[in-house]
file start.cif (mmCIF, C-alpha atoms)
data_entry
#
loop_
_atom_site.group_PDB
_atom_site.id
_atom_site.type_symbol
_atom_site.label_atom_id
_atom_site.label_comp_id
_atom_site.auth_asym_id
_atom_site.auth_seq_id
_atom_site.Cartn_x
_atom_site.Cartn_y
_atom_site.Cartn_z
ATOM 1 C CA MET A 119 34.765 -12.046 25.932
ATOM 2 C CA GLU A 120 33.929 -9.337 28.500
ATOM 3 C CA SER A 121 34.844 -10.094 32.094
ATOM 4 C CA LEU A 122 32.195 -9.896 34.766
ATOM 5 C CA ASN A 123 33.506 -6.539 35.989
ATOM 6 C CA GLU A 124 33.573 -5.173 32.468
ATOM 7 C CA MET A 125 30.050 -6.397 31.831
ATOM 8 C CA MET A 126 28.757 -4.839 35.031
ATOM 9 C CA ALA A 127 30.631 -1.633 34.361
ATOM 10 C CA SER A 128 29.122 -1.421 30.899
ATOM 11 C CA TYR A 129 25.647 -2.027 32.285
ATOM 12 C CA MET A 130 26.182 0.605 34.987
ATOM 13 C CA ARG A 131 27.354 3.167 32.444
ATOM 14 C CA ARG A 132 24.290 2.592 30.292
ATOM 15 C CA HIS A 133 21.997 2.988 33.285
ATOM 16 C CA ASN A 134 23.888 5.753 35.079
ATOM 17 C CA VAL A 135 24.693 3.575 38.107
ATOM 18 C CA ASP A 136 27.581 4.894 40.223
ATOM 19 C CA HIS A 137 27.768 2.233 42.930
ATOM 20 C CA ASN A 138 30.667 -0.198 42.906
ATOM 21 C CA TYR A 139 30.257 -3.786 41.888
ATOM 22 C CA GLU A 140 30.475 -5.311 45.373
ATOM 23 C CA GLU A 141 27.742 -3.074 46.749
ATOM 24 C CA LEU A 142 25.536 -3.857 43.800
ATOM 25 C CA MET A 143 25.948 -7.602 44.091
ATOM 26 C CA SER A 144 25.401 -7.493 47.838
ATOM 27 C CA ARG A 145 22.041 -5.804 47.319
ATOM 28 C CA VAL A 146 21.145 -8.096 44.447
ATOM 29 C CA LEU A 147 21.891 -11.304 46.330
ATOM 30 C CA LYS A 148 19.865 -10.153 49.335
ATOM 31 C CA ASP A 149 16.759 -9.783 47.210
ATOM 32 C CA PRO A 150 14.244 -12.451 48.321
ATOM 33 C CA ASP A 151 13.111 -13.207 44.749
ATOM 34 C CA VAL A 152 16.733 -13.738 43.678
ATOM 35 C CA GLN A 153 17.391 -15.971 46.672
ATOM 36 C CA ALA A 154 14.246 -18.006 45.983
ATOM 37 C CA PHE A 155 15.192 -18.416 42.317
ATOM 38 C CA LEU A 156 18.754 -19.510 43.120
ATOM 39 C CA ALA A 157 17.473 -22.025 45.657
ATOM 40 C CA GLN A 158 14.919 -23.399 43.208
ATOM 41 C CA HIS A 159 17.518 -23.928 40.477
ATOM 42 C CA ALA A 160 20.535 -24.752 42.647
ATOM 43 C CA THR A 161 21.067 -28.159 41.041
ATOM 44 C CA GLU A 162 20.730 -26.862 37.487
ATOM 45 C CA LEU A 163 22.925 -23.762 37.513
ATOM 46 C CA ASN A 164 26.629 -23.888 36.765
ATOM 47 C CA GLU A 165 29.003 -23.007 39.590
ATOM 48 C CA ASP A 166 29.812 -19.661 38.003
ATOM 49 C CA ALA A 167 26.228 -18.978 36.865
ATOM 50 C CA VAL A 168 25.751 -16.169 39.363
ATOM 51 C CA GLN A 169 28.914 -14.415 38.222
ATOM 52 C CA LYS A 170 28.142 -14.872 34.542
ATOM 53 C CA SER A 171 24.579 -13.710 35.081
ATOM 54 C CA ALA A 172 25.397 -10.806 37.385
ATOM 55 C CA ALA A 173 24.222 -8.187 34.916
ATOM 56 C CA LYS A 174 20.930 -10.014 34.440
ATOM 57 C CA LEU A 175 20.421 -10.328 38.183
ATOM 58 C CA TYR A 176 21.095 -6.635 38.642
ATOM 59 C CA GLU A 177 18.722 -5.793 35.790
ATOM 60 C CA PHE A 178 16.017 -7.898 37.434
ATOM 61 C CA VAL A 179 16.319 -6.264 40.856
ATOM 62 C CA ASN A 180 16.673 -2.761 39.439
ATOM 63 C CA GLU A 181 13.683 -3.016 37.107
ATOM 64 C CA LYS A 182 11.575 -4.749 39.757
ATOM 65 C CA ASP A 183 12.209 -1.870 42.158
ATOM 66 C CA LYS A 184 11.218 0.641 39.498
ATOM 67 C CA VAL A 185 7.906 -1.149 38.907
ATOM 68 C CA ALA A 186 7.239 -1.344 42.657
ATOM 69 C CA ASN A 187 7.950 2.380 43.079
ATOM 70 C CA GLY A 188 5.898 3.439 40.076
ATOM 71 C CA GLN A 189 8.928 4.715 38.190
ATOM 72 C CA SER A 190 9.515 4.566 34.466
ATOM 73 C CA SER A 191 10.928 1.135 33.720
ATOM 74 C CA PHE A 192 12.613 -0.649 30.830
ATOM 75 C CA ALA A 193 9.252 -1.861 29.536
ATOM 76 C CA THR A 194 6.339 0.207 30.813
ATOM 77 C CA GLY A 195 3.446 -1.973 31.897
ATOM 78 C CA TYR A 196 5.640 -5.048 32.226
ATOM 79 C CA GLU A 197 7.547 -6.514 35.146
ATOM 80 C CA PRO A 198 10.713 -8.656 35.121
ATOM 81 C CA ARG A 199 11.009 -12.254 36.174
ATOM 82 C CA LEU A 200 14.017 -14.527 36.348
ATOM 83 C CA VAL A 201 14.166 -17.509 34.011
ATOM 84 C CA TYR A 202 16.556 -20.441 33.724
ATOM 85 C CA ALA A 203 18.134 -20.899 30.287
ATOM 86 C CA ASN A 204 21.121 -23.011 29.271
ATOM 87 C CA HIS A 205 22.485 -23.311 32.816
ATOM 88 C CA LEU A 206 22.445 -19.530 33.181
ATOM 89 C CA ILE A 207 20.033 -16.872 34.387
ATOM 90 C CA ASP A 208 18.075 -14.550 32.139
ATOM 91 C CA VAL A 209 15.335 -11.956 32.532
ATOM 92 C CA ALA A 210 11.945 -12.120 30.860
ATOM 93 C CA TYR A 211 9.245 -9.464 30.968
ATOM 94 C CA GLU A 212 5.574 -10.172 31.442
ATOM 95 C CA PRO A 213 2.556 -7.856 31.807
ATOM 96 C CA THR A 214 1.893 -6.463 35.266
ATOM 97 C CA ARG A 215 -1.403 -7.254 36.954
ATOM 98 C CA GLU A 216 -2.668 -3.790 36.043
ATOM 99 C CA THR A 217 -1.658 -4.295 32.396
ATOM 100 C CA LYS A 218 -3.397 -7.669 32.314
ATOM 101 C CA GLN A 219 -6.523 -6.100 33.781
ATOM 102 C CA ARG A 220 -6.488 -3.310 31.198
ATOM 103 C CA GLU A 221 -5.958 -5.795 28.396
ATOM 104 C CA GLN A 222 -8.793 -7.962 29.673
ATOM 105 C CA GLN A 223 -11.085 -4.945 29.935
ATOM 106 C CA GLN A 224 -10.215 -3.990 26.374
ATOM 107 C CA ILE A 225 -10.939 -7.515 25.162
ATOM 108 C CA LEU A 226 -14.337 -7.400 26.856
ATOM 109 C CA ALA A 227 -15.046 -3.923 25.498
ATOM 110 C CA ASN A 228 -14.250 -5.116 21.978
ATOM 111 C CA ARG A 229 -16.886 -7.837 22.338
ATOM 112 C CA VAL A 230 -19.603 -5.236 22.885
ATOM 113 C CA HIS A 231 -20.154 -3.086 19.808
ATOM 114 C CA ALA A 232 -22.377 -0.196 20.856
ATOM 115 C CA ILE A 233 -23.765 2.090 18.149
ATOM 116 C CA SER A 234 -25.239 5.420 19.298
ATOM 117 C CA MET A 235 -25.754 4.015 22.786
ATOM 118 C CA PRO A 236 -25.266 5.895 26.103
ATOM 119 C CA LYS A 237 -21.819 5.696 27.684
ATOM 120 C CA ASN A 238 -23.034 3.950 30.837
ATOM 121 C CA ILE A 239 -23.740 0.879 28.724
ATOM 122 C CA ARG A 240 -20.067 -0.031 29.242
ATOM 123 C CA GLU A 241 -20.475 -0.249 33.009
ATOM 124 C CA ALA A 242 -23.904 -1.906 33.103
ATOM 125 C CA SER A 243 -23.921 -5.079 35.189
ATOM 126 C CA LEU A 244 -26.497 -7.598 36.277
ATOM 127 C CA GLU A 245 -25.286 -7.229 39.870
ATOM 128 C CA ASN A 246 -26.246 -3.538 39.855
ATOM 129 C CA PHE A 247 -29.663 -4.061 38.277
ATOM 130 C CA ASP A 248 -32.282 -3.033 40.863
ATOM 131 C CA VAL A 249 -34.891 -5.712 41.488
ATOM 132 C CA ASP A 250 -37.666 -3.836 43.277
ATOM 133 C CA ASP A 251 -40.670 -4.921 41.267
ATOM 134 C CA ALA A 252 -42.095 -8.244 40.147
ATOM 135 C CA SER A 253 -41.761 -7.309 36.493
ATOM 136 C CA ARG A 254 -38.087 -6.432 36.958
ATOM 137 C CA LYS A 255 -37.531 -9.784 38.656
ATOM 138 C CA GLU A 256 -39.147 -11.498 35.684
ATOM 139 C CA ALA A 257 -36.983 -9.521 33.273
ATOM 140 C CA ILE A 258 -33.663 -10.286 34.955
ATOM 141 C CA SER A 259 -34.663 -13.914 35.489
ATOM 142 C CA ALA A 260 -35.402 -14.243 31.773
ATOM 143 C CA ALA A 261 -32.124 -12.508 30.954
ATOM 144 C CA LEU A 262 -30.160 -14.888 33.172
ATOM 145 C CA ASP A 263 -31.925 -17.866 31.639
ATOM 146 C CA PHE A 264 -30.996 -16.679 28.151
ATOM 147 C CA ILE A 265 -27.352 -16.175 29.127
ATOM 148 C CA ASP A 266 -27.138 -19.661 30.598
ATOM 149 C CA VAL A 267 -28.806 -21.545 27.757
ATOM 150 C CA TYR A 268 -27.003 -19.564 25.075
ATOM 151 C CA SER A 269 -23.634 -20.088 26.752
ATOM 152 C CA ALA A 270 -24.302 -23.816 26.937
ATOM 153 C CA SER A 271 -25.260 -24.164 23.255
ATOM 154 C CA PRO A 272 -24.634 -20.987 21.210
ATOM 155 C CA LYS A 273 -25.281 -22.669 17.861
ATOM 156 C CA ARG A 274 -28.859 -23.602 18.684
ATOM 157 C CA ARG A 275 -31.846 -21.317 18.238
ATOM 158 C CA HIS A 276 -32.640 -19.252 21.341
ATOM 159 C CA GLN A 277 -35.517 -16.843 21.693
ATOM 160 C CA ALA A 278 -34.350 -13.518 23.097
ATOM 161 C CA LEU A 279 -36.350 -10.812 24.890
ATOM 162 C CA TYR A 280 -38.614 -7.951 23.875
ATOM 163 C CA LEU A 281 -38.483 -5.574 26.856
ATOM 164 C CA TYR A 282 -41.106 -2.855 27.002
ATOM 165 C CA GLY A 283 -42.157 -0.300 29.545
ATOM 166 C CA SER A 284 -42.242 3.399 30.270
ATOM 167 C CA PHE A 285 -39.302 5.771 29.852
ATOM 168 C CA GLY A 286 -36.350 5.223 32.197
ATOM 169 C CA VAL A 287 -37.313 1.923 33.823
ATOM 170 C CA GLY A 288 -34.014 0.256 32.922
ATOM 171 C CA LYS A 289 -34.668 -1.553 29.643
ATOM 172 C CA THR A 290 -31.516 -0.285 27.942
ATOM 173 C CA TYR A 291 -29.456 -0.804 31.084
ATOM 174 C CA LEU A 292 -30.557 -4.447 31.258
ATOM 175 C CA LEU A 293 -29.635 -4.971 27.609
ATOM 176 C CA GLY A 294 -26.191 -3.539 28.329
ATOM 177 C CA ALA A 295 -25.780 -5.715 31.396
ATOM 178 C CA VAL A 296 -26.665 -8.824 29.387
ATOM 179 C CA ALA A 297 -24.211 -7.812 26.645
ATOM 180 C CA ASN A 298 -21.419 -7.295 29.184
ATOM 181 C CA GLU A 299 -22.106 -10.630 30.864
ATOM 182 C CA LEU A 300 -22.049 -12.376 27.486
ATOM 183 C CA ALA A 301 -18.735 -10.627 26.771
ATOM 184 C CA GLU A 302 -17.358 -12.088 30.007
ATOM 185 C CA ARG A 303 -18.284 -15.485 28.640
ATOM 186 C CA GLY A 304 -16.587 -14.835 25.303
ATOM 187 C CA PHE A 305 -19.516 -13.806 23.092
ATOM 188 C CA LYS A 306 -19.819 -10.732 20.872
ATOM 189 C CA THR A 307 -22.893 -8.514 20.953
ATOM 190 C CA THR A 308 -23.975 -5.507 18.904
ATOM 191 C CA LEU A 309 -26.238 -2.908 20.493
ATOM 192 C CA VAL A 310 -27.836 -0.292 18.278
ATOM 193 C CA HIS A 311 -30.079 2.653 19.100
ATOM 194 C CA PHE A 312 -32.542 2.172 16.275
ATOM 195 C CA PRO A 313 -33.789 5.761 15.768
ATOM 196 C CA SER A 314 -30.190 6.983 15.436
ATOM 197 C CA PHE A 315 -29.343 4.074 13.166
ATOM 198 C CA ALA A 316 -32.307 4.886 10.933
ATOM 199 C CA VAL A 317 -31.021 8.445 10.492
ATOM 200 C CA GLU A 318 -27.559 7.081 9.696
ATOM 201 C CA MET A 319 -29.000 4.716 7.109
ATOM 202 C CA LYS A 320 -30.811 7.555 5.357
ATOM 203 C CA SER A 321 -27.550 9.501 5.197
ATOM 204 C CA ALA A 322 -25.790 6.425 3.819
ATOM 205 C CA ILE A 323 -27.892 6.609 0.673
ATOM 206 C CA ALA A 324 -25.795 9.550 -0.533
ATOM 207 C CA THR A 325 -22.558 7.611 -0.099
ATOM 208 C CA ASN A 326 -23.931 4.347 -1.478
ATOM 209 C CA SER A 327 -23.043 2.557 1.782
ATOM 210 C CA VAL A 328 -26.492 1.382 2.849
ATOM 211 C CA GLN A 329 -25.834 -2.272 2.119
ATOM 212 C CA ASP A 330 -22.501 -2.400 3.947
ATOM 213 C CA LYS A 331 -23.935 -0.769 7.070
ATOM 214 C CA LEU A 332 -27.004 -2.971 6.996
ATOM 215 C CA ASP A 333 -24.982 -6.158 6.515
ATOM 216 C CA ALA A 334 -22.745 -5.325 9.477
ATOM 217 C CA ILE A 335 -25.773 -5.034 11.752
ATOM 218 C CA LYS A 336 -27.985 -7.820 10.489
ATOM 219 C CA ARG A 337 -25.180 -10.409 10.657
ATOM 220 C CA ALA A 338 -24.222 -9.688 14.288
ATOM 221 C CA PRO A 339 -24.014 -12.940 16.320
ATOM 222 C CA ILE A 340 -26.230 -11.358 18.982
ATOM 223 C CA LEU A 341 -28.128 -8.160 18.190
ATOM 224 C CA MET A 342 -29.876 -5.791 20.588
ATOM 225 C CA ILE A 343 -32.169 -3.215 18.939
ATOM 226 C CA ASP A 344 -32.891 -0.418 21.384
ATOM 227 C CA ASP A 345 -35.810 2.037 21.437
ATOM 228 C CA ILE A 346 -37.998 0.589 18.705
ATOM 229 C CA GLY A 347 -40.927 2.907 18.073
ATOM 230 C CA ALA A 348 -39.316 5.996 19.619
ATOM 231 C CA ASP A 349 -39.576 7.733 16.243
ATOM 232 C CA ALA A 350 -42.055 7.209 13.433
ATOM 233 C CA MET A 351 -40.668 5.034 10.646
ATOM 234 C CA SER A 352 -40.749 5.851 6.999
ATOM 235 C CA ALA A 353 -41.880 3.068 4.701
ATOM 236 C CA TRP A 354 -38.292 2.743 3.469
ATOM 237 C CA VAL A 355 -36.784 2.352 6.953
ATOM 238 C CA ARG A 356 -39.513 -0.080 7.958
ATOM 239 C CA ASP A 357 -39.282 -2.284 4.868
ATOM 240 C CA GLU A 358 -35.719 -1.908 3.580
ATOM 241 C CA VAL A 359 -33.898 -1.613 6.895
ATOM 242 C CA PHE A 360 -35.900 -2.979 9.799
ATOM 243 C CA GLY A 361 -37.716 -5.582 7.754
ATOM 244 C CA VAL A 362 -34.532 -6.818 6.051
ATOM 245 C CA MET A 363 -32.807 -7.145 9.421
ATOM 246 C CA LEU A 364 -35.680 -9.136 10.894
ATOM 247 C CA GLU A 365 -36.009 -11.414 7.880
ATOM 248 C CA TYR A 366 -32.313 -12.276 7.846
ATOM 249 C CA ARG A 367 -32.159 -12.909 11.569
ATOM 250 C CA MET A 368 -35.261 -15.061 11.540
ATOM 251 C CA GLN A 369 -33.946 -17.167 8.659
ATOM 252 C CA GLU A 370 -30.539 -17.563 10.354
ATOM 253 C CA GLU A 371 -32.111 -18.001 13.812
ATOM 254 C CA LEU A 372 -29.841 -15.372 15.330
ATOM 255 C CA PRO A 373 -30.625 -14.094 18.862
ATOM 256 C CA THR A 374 -32.251 -10.658 18.682
ATOM 257 C CA PHE A 375 -33.271 -8.489 21.634
ATOM 258 C CA PHE A 376 -35.574 -5.479 21.485
ATOM 259 C CA SER A 377 -36.474 -2.641 23.799
ATOM 260 C CA SER A 378 -39.402 -0.295 23.370
ATOM 261 C CA ASN A 379 -41.746 2.001 25.240
ATOM 262 C CA PHE A 380 -44.564 0.118 23.548
ATOM 263 C CA SER A 381 -45.991 -3.365 23.819
ATOM 264 C CA MET A 382 -45.864 -5.583 20.758
ATOM 265 C CA ALA A 383 -49.538 -4.849 20.054
ATOM 266 C CA GLN A 384 -48.969 -1.098 20.299
ATOM 267 C CA LEU A 385 -45.846 -1.288 18.143
ATOM 268 C CA GLU A 386 -47.744 -3.119 15.425
ATOM 269 C CA ARG A 387 -50.811 -0.904 15.476
ATOM 270 C CA GLU A 388 -49.312 2.526 16.136
ATOM 271 C CA HIS A 389 -45.871 2.362 14.479
ATOM 272 C CA LEU A 390 -45.403 -0.443 11.992
ATOM 273 C CA GLN A 391 -48.849 -0.213 10.439
ATOM 274 C CA VAL A 392 -48.791 3.552 9.938
ATOM 275 C CA THR A 393 -45.798 5.173 8.223
ATOM 276 C CA THR A 394 -44.628 8.787 8.121
ATOM 277 C CA ASN A 395 -46.345 9.390 4.781
ATOM 278 C CA GLY A 396 -49.706 8.442 6.269
ATOM 279 C CA GLY A 397 -49.920 4.987 4.732
ATOM 280 C CA ASP A 398 -51.925 2.309 6.545
ATOM 281 C CA GLU A 399 -50.490 -1.153 5.829
ATOM 282 C CA PRO A 400 -51.691 -3.713 8.379
ATOM 283 C CA LEU A 401 -50.463 -6.741 6.440
ATOM 284 C CA LYS A 402 -46.880 -5.507 6.363
ATOM 285 C CA ALA A 403 -47.077 -4.720 10.062
ATOM 286 C CA GLN A 404 -48.377 -8.209 10.791
ATOM 287 C CA ARG A 405 -45.533 -9.829 8.866
ATOM 288 C CA LEU A 406 -42.951 -7.792 10.755
ATOM 289 C CA MET A 407 -44.527 -8.660 14.092
ATOM 290 C CA GLN A 408 -44.499 -12.356 13.202
ATOM 291 C CA ARG A 409 -40.731 -12.097 12.846
ATOM 292 C CA ILE A 410 -40.337 -10.159 16.084
ATOM 293 C CA ARG A 411 -42.430 -12.712 17.984
ATOM 294 C CA PHE A 412 -40.350 -15.512 16.468
ATOM 295 C CA LEU A 413 -37.143 -13.840 17.642
ATOM 296 C CA ALA A 414 -38.166 -12.636 21.095
ATOM 297 C CA ARG A 415 -40.684 -13.040 23.862
ATOM 298 C CA GLU A 416 -42.440 -10.056 25.377
ATOM 299 C CA ILE A 417 -41.729 -8.926 28.941
ATOM 300 C CA GLU A 418 -43.113 -5.776 30.501
ATOM 301 C CA MET A 419 -40.931 -3.751 32.853
ATOM 302 C CA ILE A 420 -42.594 -1.485 35.395
ATOM 303 C CA GLY A 421 -40.917 0.950 37.737
ATOM 304 C CA VAL A 422 -39.932 4.532 38.453
ATOM 305 C CA ASN A 423 -37.895 6.603 36.030
ATOM 306 C CA ARG A 424 -34.258 6.010 37.061
ATOM 307 C CA ARG A 425 -32.735 8.452 34.635
ATOM 308 C CA PRO A 426 -31.434 11.762 36.018
ATOM 309 C CA HIS A 427 -33.928 14.578 35.550
#

call {"tool": "encode", "arguments": {"input": "start.cif", "output": "structure tokens"}}
result
Amino acid sequence: MESLNEMMASYMRRHNVDHNYEELMSRVLKDPDVQAFLAQHATELNEDAVQKSAAKLYEFVNEKDKVANGQSSFATGYEPRLVYANHLIDVAYEPTRETKQREQQQILANRVHAISMPKNIREASLENFDVDDASRKEAISAALDFIDVYSASPKRRHQALYLYGSFGVGKTYLLGAVANELAERGFKTTLVHFPSFAVEMKSAIATNSVQDKLDAIKRAPILMIDDIGADAMSAWVRDEVFGVMLEYRMQEELPTFFSSNFSMAQLEREHLQVTTNGGDEPLKAQRLMQRIRFLAREIEMIGVNRRPH
């Protein structure tokens, strides 16, 4: 078995350490974390535990200093800690605070699936939502109510929100803020910019992937459909995409949010009733609106255009 000096010498050679053993151990034993650990486990450690664990103690102090000084360490993103094992001392590595924060942010980001949505959706927060108008107060109050009741009983049916108002008043931002708050509470949300999704679905016909793409969206635990009515719908998009999504979500009672520049009445009359080929189908529009009204309640948002010009 290697002697203590041999073990330390081997460790020093591997790590290009030129100091002698006594100097190393003097610095190691003066480290406050080492002293605190030895005091905490004084009754458990063998008499020669410090000598037998000298290499581990040196590793701990050396790697800890590297982390503190921002240098490349043995395990980037991790920091050492001393552990007691079999009457001796060992070193374990755990994520640094920064690594934990990054991992947590990634977990939250993975809970929000944004499709063709603006980048600032990732940073949207309820705290930064401007409340400078009565309608905006109503909207954020309704959003907070939904978050609370859904968090308390996610398996029950909950009516979501249909936010409408002029361009740039913050409808999409509020949807993103709600999605991010739900992510904080452990829930997954899918946000989709519907005009872009409609184009993608048309392209999917050529690759025979329409059903897979549609299933992925319609089955989302919480779905937010942004910018309904921004573009005219073809009969196929209205009936085979939008209509199928609404029917499934109504039957499964899945929370579904909407945003639009148009009120529900305008959406029905000006967009769902009239298709791109000039067809006028009020009954189909009525059936779709029945599903939308089942899934969400209408809230108007009024305010200035907050988007950069």

call {"tool": "residues_around", "arguments": {"input": "start.cif", "residues": "Ala348 of chain A", "least_positions_apart": "3", "cutoff": "9 Å", "atoms": "only C-alpha atoms", "output": "compact mmCIF listing (two decimals) with C-alpha atoms, in the frame of the given file"}}
result
# COMPACT_ATOMS: atom_id res chain seq x y z
CA PHE A 312 -32.54 2.17 16.27
CA PRO A 313 -33.79 5.76 15.77
CA ASP A 345 -35.81 2.04 21.44
CA SER A 378 -39.40 -0.30 23.37
CA ASN A 379 -41.75 2.00 25.24
CA PHE A 380 -44.56 0.12 23.55

call {"tool": "closest_residue", "arguments": {"input": "start.cif", "among": "A:Thr308, A:Asn395, A:Gln369, A:Asn326", "to": "Arg275 of chain A", "atoms": "only C-alpha atoms"}}
result
A:Gln369

call {"tool": "closest_residue", "arguments": {"input": "start.cif", "among": "A:Leu244, A:Ala193, A:Ile346, A:Ala210", "to": "Glu302 of chain A", "atoms": "all atoms listed in the file"}}
result
A:Leu244

call {"tool": "atom_distance", "arguments": {"input": "start.cif", "atom1": "atom CA of Glu165 of chain A", "atom2": "atom CA of Glu212 of chain A"}}
result
27.9 Å

call {"tool": "atom_distance", "arguments": {"input": "start.cif", "atom1": "atom CA of Leu364 of chain A", "atom2": "atom CA of Gly286 of chain A"}}
result
25.7 Å

call {"tool": "resolve_selection", "arguments": {"input": "start.cif", "expression": "the PyMOL selection byres ((chain A and resi 247) around 10)", "output": "list of chain:residue names"}}
result
A:Ala242, A:Ser243, A:Leu244, A:Glu245, A:Asn246, A:Asp248, A:Val249, A:Asp250, A:Arg254, A:Lys255, A:Ile258, A:Gly288, A:Tyr291, A:Leu292, A:Ala295

call {"tool": "residues_around", "arguments": {"input": "start.cif", "residues": "Pro150 of chain A", "least_positions_apart": "5", "cutoff": "12 Å", "atoms": "all atoms listed in the file", "output": "PyMOL selection string"}}
result
chain A and resi 145+155-157+178-179+182

call {"tool": "closest_residue", "arguments": {"input": "start.cif", "among": "A:Ala322, A:Met342, A:Ile207, A:Val146", "to": "Asp183 of chain A", "atoms": "all atoms listed in the file"}}
result
A:Val146

call {"tool": "closest_residue", "arguments": {"input": "start.cif", "among": "A:Lys273, A:Arg220, A:Arg387, A:His311", "to": "Met235 of chain A", "atoms": "all atoms listed in the file"}}
result
A:His311

call {"tool": "closest_residue", "arguments": {"input": "start.cif", "among": "A:Glu256, A:Asp149, A:Glu162, A:Asp357", "to": "Leu390 of chain A", "atoms": "all atoms listed in the file"}}
result
A:Asp357

call {"tool": "residues_around", "arguments": {"input": "start.cif", "residues": "Leu413 of chain A", "least_positions_apart": "6", "cutoff": "10 Å", "atoms": "all atoms listed in the file", "output": "PyMOL selection string"}}
result
chain A and resi 275-280+364+367-368+371-376+407

call {"tool": "closest_residue", "arguments": {"input": "start.cif", "among": "A:Val209, A:Ile340, A:Ala334, A:Ile239", "to": "Pro272 of chain A", "atoms": "all atoms listed in the file"}}
result
A:Ile340

call {"tool": "residues_around", "arguments": {"input": "start.cif", "residues": "Arg405 of chain A", "least_positions_apart": "6", "cutoff": "10 Å", "atoms": "all atoms listed in the file", "output": "PyMOL selection string"}}
result
chain A and resi 361+365+386+390

call {"tool": "write_last_selection", "arguments": {"input": "start.cif", "atoms": "C-alpha atoms", "output": "mmCIF file, in the coordinates of the input"}}
result
data_model
loop_
_atom_site.group_PDB
_atom_site.id
_atom_site.type_symbol
_atom_site.label_atom_id
_atom_site.label_comp_id
_atom_site.auth_asym_id
_atom_site.auth_seq_id
_atom_site.Cartn_x
_atom_site.Cartn_y
_atom_site.Cartn_z
ATOM 1 C CA GLY A 361 -37.716 -5.582 7.754
ATOM 2 C CA GLU A 365 -36.009 -11.414 7.880
ATOM 3 C CA GLU A 386 -47.744 -3.119 15.425
ATOM 4 C CA LEU A 390 -45.403 -0.443 11.992
#

call {"tool": "atom_distance", "arguments": {"input": "start.cif", "atom1": "atom CA of Leu281 of chain A", "atom2": "atom CA of Leu332 of chain A"}}
result
23.1 Å

call {"tool": "decode", "arguments": {"input": "start.cif", "residues": "segment 211-222 of chain A", "atoms": "N, CA and C atoms", "output": "PDB file, in the first residue's frame"}}
result
ATOM      1  N   TYR A 211     -18.679  15.736  -5.554  1.00  0.00           N
ATOM      2  CA  TYR A 211     -18.866  16.943  -6.348  1.00  0.00           C
ATOM      3  C   TYR A 211     -20.356  17.167  -6.603  1.00  0.00           C
ATOM      4  N   GLU A 212     -20.779  18.386  -6.374  1.00  0.00           N
ATOM      5  CA  GLU A 212     -22.173  18.736  -6.582  1.00  0.00           C
ATOM      6  C   GLU A 212     -22.245  20.004  -7.433  1.00  0.00           C
ATOM      7  N   PRO A 213     -23.358  20.228  -8.115  1.00  0.00           N
ATOM      8  CA  PRO A 213     -23.465  21.397  -9.001  1.00  0.00           C
ATOM      9  C   PRO A 213     -23.291  22.704  -8.222  1.00  0.00           C
ATOM     10  N   THR A 214     -22.611  23.654  -8.852  1.00  0.00           N
ATOM     11  CA  THR A 214     -22.508  24.983  -8.251  1.00  0.00           C
ATOM     12  C   THR A 214     -23.871  25.668  -8.307  1.00  0.00           C
ATOM     13  N   ARG A 215     -23.990  26.769  -7.601  1.00  0.00           N
ATOM     14  CA  ARG A 215     -25.252  27.513  -7.611  1.00  0.00           C
ATOM     15  C   ARG A 215     -25.601  27.957  -9.027  1.00  0.00           C
ATOM     16  N   GLU A 216     -24.578  28.402  -9.771  1.00  0.00           N
ATOM     17  CA  GLU A 216     -24.817  28.836 -11.144  1.00  0.00           C
ATOM     18  C   GLU A 216     -25.293  27.669 -12.018  1.00  0.00           C
ATOM     19  N   THR A 217     -24.671  26.487 -11.816  1.00  0.00           N
ATOM     20  CA  THR A 217     -25.091  25.310 -12.583  1.00  0.00           C
ATOM     21  C   THR A 217     -26.521  24.927 -12.241  1.00  0.00           C
ATOM     22  N   LYS A 218     -26.857  24.976 -10.962  1.00  0.00           N
ATOM     23  CA  LYS A 218     -28.231  24.656 -10.551  1.00  0.00           C
ATOM     24  C   LYS A 218     -29.215  25.633 -11.169  1.00  0.00           C
ATOM     25  N   GLN A 219     -28.841  26.913 -11.208  1.00  0.00           N
ATOM     26  CA  GLN A 219     -29.721  27.916 -11.793  1.00  0.00           C
ATOM     27  C   GLN A 219     -29.914  27.662 -13.281  1.00  0.00           C
ATOM     28  N   ARG A 220     -28.808  27.338 -13.979  1.00  0.00           N
ATOM     29  CA  ARG A 220     -28.930  27.046 -15.409  1.00  0.00           C
ATOM     30  C   ARG A 220     -29.790  25.815 -15.654  1.00  0.00           C
ATOM     31  N   GLU A 221     -29.584  24.798 -14.830  1.00  0.00           N
ATOM     32  CA  GLU A 221     -30.381  23.580 -14.983  1.00  0.00           C
ATOM     33  C   GLU A 221     -31.855  23.845 -14.726  1.00  0.00           C
ATOM     34  N   GLN A 222     -32.131  24.663 -13.699  1.00  0.00           N
ATOM     35  CA  GLN A 222     -33.518  25.000 -13.399  1.00  0.00           C
ATOM     36  C   GLN A 222     -34.138  25.806 -14.527  1.00  0.00           C
TER      37      GLN A 222
END
